[in-house]
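Asker: Just passing along the structure, written as structure tokens.
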Amino acid sequence: MRRGAAACLLALLATQASAVECRLALALALDVSRSVDAREDRLQRQGLAAALLAPEVVRAALSTPQPVALAAYEWSGPTDQHLLVDWVLIRSRADLESAAARIAASQRATTEAPTAMGHALAYGAALLARGPDCLFHTIDLSGDGENNEGFGPRAAYATPAFNGITVNGLAINGAEYETEIQLIPYFETEVLHGPGAFLEVAQGFADFERAMRRKLERELSGLVIGGLR
């Protein structure tokens, strides 16, 4: 891209940024399907809470005057999505601490539901639709297995609800069952959606916090609009 065109693009984005509430709306989705046992569930909740307070994540979240907005939910079966943290604008470390504390203290709503990934994504899109007016919209979907109930990610993405939404993935690669061996390529081909979508991999639930830290830092850093830093 020529310098003049790049400068015009940045100026346009800066103008758009001044008209919205935040630079990014990020919906964090945790897999609590029946393949996730109680210990693994705790590792996800505590891992996400700790990752939100990691120094590199705090820096990324507060890197510009324009805030990010966070929400978090758990998902499993077609009708089993439960909000853990409703939309909050992150303007300070205290805002992150509050969100992290609520996630750490949250309790799993169900233990025997299947993996309805398409329904989880549809819930995330609806959550974003009623959220703050932000420049970018992202769903951060974690999971330890492929969709096995209801419509899949591709069917969800075929609907207008996903226009302008990026879906990043965090694959929890246990490979304990034959169907999990292809989990990483499944996420790469079926789950990732939108410009710049990327995959982070956790090597088991004990590695979830590290993988989530890396993922959040990358998501919350994002595109820095000229003049906002």
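A note on labels: chains of the structure tokens are A, B, ... as shown, every chain counts residues from 1, and ligands are counted from 1 in their shown order.
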For range 217-220 of chain A, find every residue with an atom within 10 Å (counting only C-alpha atoms), except residues of its own chain fewer than 4 positions away, and show them as a ChimeraX atom specification.
Answerer: /A:23-26,51-52,54-63,67-69,138,140,168,197-198,212-213,224
Asker: Among range 8-178 of chain A, which ones does DSSP place in alpha helix (DSSP H), written as an NGL selection string?
Answerer: :A and (8-18 or 38-52 or 55-61 or 93-105 or 117-129 or 153-157)
Asker: Which residues, written as a PyMOL selection string, have at least one atom at most 12 Å from Val36 in chain A, with only C-alpha atoms counted and residues fewer than 3 positions away on the same chain left out?
Answerer: chain A and resi 30-33+39-44+74-76+108+110-115+142-145+172+174+176+204-205
Asker: Selection from above, N, CA and C atoms, as a compact mmCIF listing (two decimals), in the first residue's frame, can you write it?
Answerer:
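Saved file out30.txt follows:
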# COMPACT_ATOMS: atom_id res chain seq x y z
N LEU A 30 -15.86 -20.19 27.13
CA LEU A 30 -15.21 -21.36 27.74
C LEU A 30 -16.04 -22.62 27.52
N ASP A 31 -15.38 -23.67 27.08
CA ASP A 31 -16.01 -24.97 26.83
C ASP A 31 -16.23 -25.71 28.15
N VAL A 32 -17.49 -26.02 28.49
CA VAL A 32 -17.79 -26.80 29.69
C VAL A 32 -18.61 -28.04 29.32
N SER A 33 -18.40 -28.56 28.13
CA SER A 33 -19.11 -29.76 27.69
C SER A 33 -18.70 -30.97 28.52
N ARG A 39 -11.87 -30.83 37.45
CA ARG A 39 -10.52 -30.26 37.55
C ARG A 39 -10.20 -29.40 36.34
N GLU A 40 -10.54 -29.88 35.16
CA GLU A 40 -10.27 -29.14 33.94
C GLU A 40 -11.08 -27.84 33.88
N ASP A 41 -12.30 -27.92 34.38
CA ASP A 41 -13.13 -26.72 34.44
C ASP A 41 -12.48 -25.66 35.33
N ARG A 42 -11.97 -26.08 36.48
CA ARG A 42 -11.30 -25.13 37.38
C ARG A 42 -10.06 -24.54 36.73
N LEU A 43 -9.31 -25.36 36.01
CA LEU A 43 -8.10 -24.87 35.33
C LEU A 43 -8.45 -23.81 34.29
N GLN A 44 -9.58 -23.97 33.61
CA GLN A 44 -10.00 -22.95 32.65
C GLN A 44 -10.38 -21.65 33.34
N GLU A 74 -19.82 -19.36 29.38
CA GLU A 74 -19.50 -20.77 29.23
C GLU A 74 -20.50 -21.38 28.24
N TRP A 75 -20.07 -22.46 27.59
CA TRP A 75 -20.95 -23.07 26.58
C TRP A 75 -20.75 -24.58 26.56
N SER A 76 -21.82 -25.27 26.17
CA SER A 76 -21.74 -26.72 25.98
C SER A 76 -22.82 -27.14 24.99
N ARG A 108 -19.85 -23.73 37.44
CA ARG A 108 -20.32 -24.40 36.23
C ARG A 108 -21.81 -24.72 36.34
N THR A 110 -23.64 -26.74 34.11
CA THR A 110 -24.04 -28.08 33.68
C THR A 110 -22.81 -28.95 33.47
N THR A 111 -22.96 -30.26 33.57
CA THR A 111 -21.81 -31.16 33.43
C THR A 111 -22.00 -32.24 32.37
N GLU A 112 -23.20 -32.40 31.82
CA GLU A 112 -23.47 -33.54 30.95
C GLU A 112 -23.92 -33.16 29.54
N ALA A 113 -23.69 -31.96 29.12
CA ALA A 113 -24.14 -31.52 27.80
C ALA A 113 -23.07 -31.78 26.75
N PRO A 114 -23.47 -31.97 25.49
CA PRO A 114 -22.52 -32.23 24.40
C PRO A 114 -21.82 -30.94 23.95
N THR A 115 -21.10 -31.03 22.83
CA THR A 115 -20.32 -29.91 22.31
C THR A 115 -21.05 -29.29 21.13
N SER A 142 -12.72 -21.15 23.14
CA SER A 142 -11.87 -22.23 23.63
C SER A 142 -12.63 -23.55 23.55
N GLY A 143 -11.91 -24.64 23.30
CA GLY A 143 -12.57 -25.94 23.25
C GLY A 143 -11.60 -27.09 23.22
N ASP A 144 -12.05 -28.26 23.72
CA ASP A 144 -11.20 -29.45 23.72
C ASP A 144 -11.72 -30.53 22.78
N GLY A 145 -12.72 -30.21 21.95
CA GLY A 145 -13.26 -31.20 21.03
C GLY A 145 -14.00 -30.55 19.88
N ILE A 172 -7.61 -26.85 23.03
CA ILE A 172 -7.01 -27.52 24.19
C ILE A 172 -6.69 -28.94 23.73
N GLY A 174 -5.62 -32.17 24.11
CA GLY A 174 -5.32 -33.30 24.97
C GLY A 174 -4.99 -34.55 24.18
N GLU A 176 -6.57 -37.22 23.96
CA GLU A 176 -6.80 -38.42 24.76
C GLU A 176 -7.74 -39.39 24.07
N GLY A 204 -2.99 -29.41 26.71
CA GLY A 204 -3.70 -29.87 27.89
C GLY A 204 -4.22 -28.71 28.71
N PHE A 205 -5.11 -29.00 29.65
CA PHE A 205 -5.73 -27.95 30.45
C PHE A 205 -4.73 -27.26 31.38
Asker: Could you give me, as number ranges by chain, the residues within 12 Å of Glu21 in chain A, counting only C-alpha atoms and dropping anything in the same chain fewer than 2 positions from it?
Answerer: A: 16-19, 23-25, 65-69, 88-91, 131-136
Asker: Closest to Ala126 in chain A among A:Phe151, A:Arg102, A:Leu83, A:Ala94, using only C-alpha atoms?
Answerer: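 Looking only at the distances to Ala126 in chain A, the closest residue turns out to be A:Leu83.
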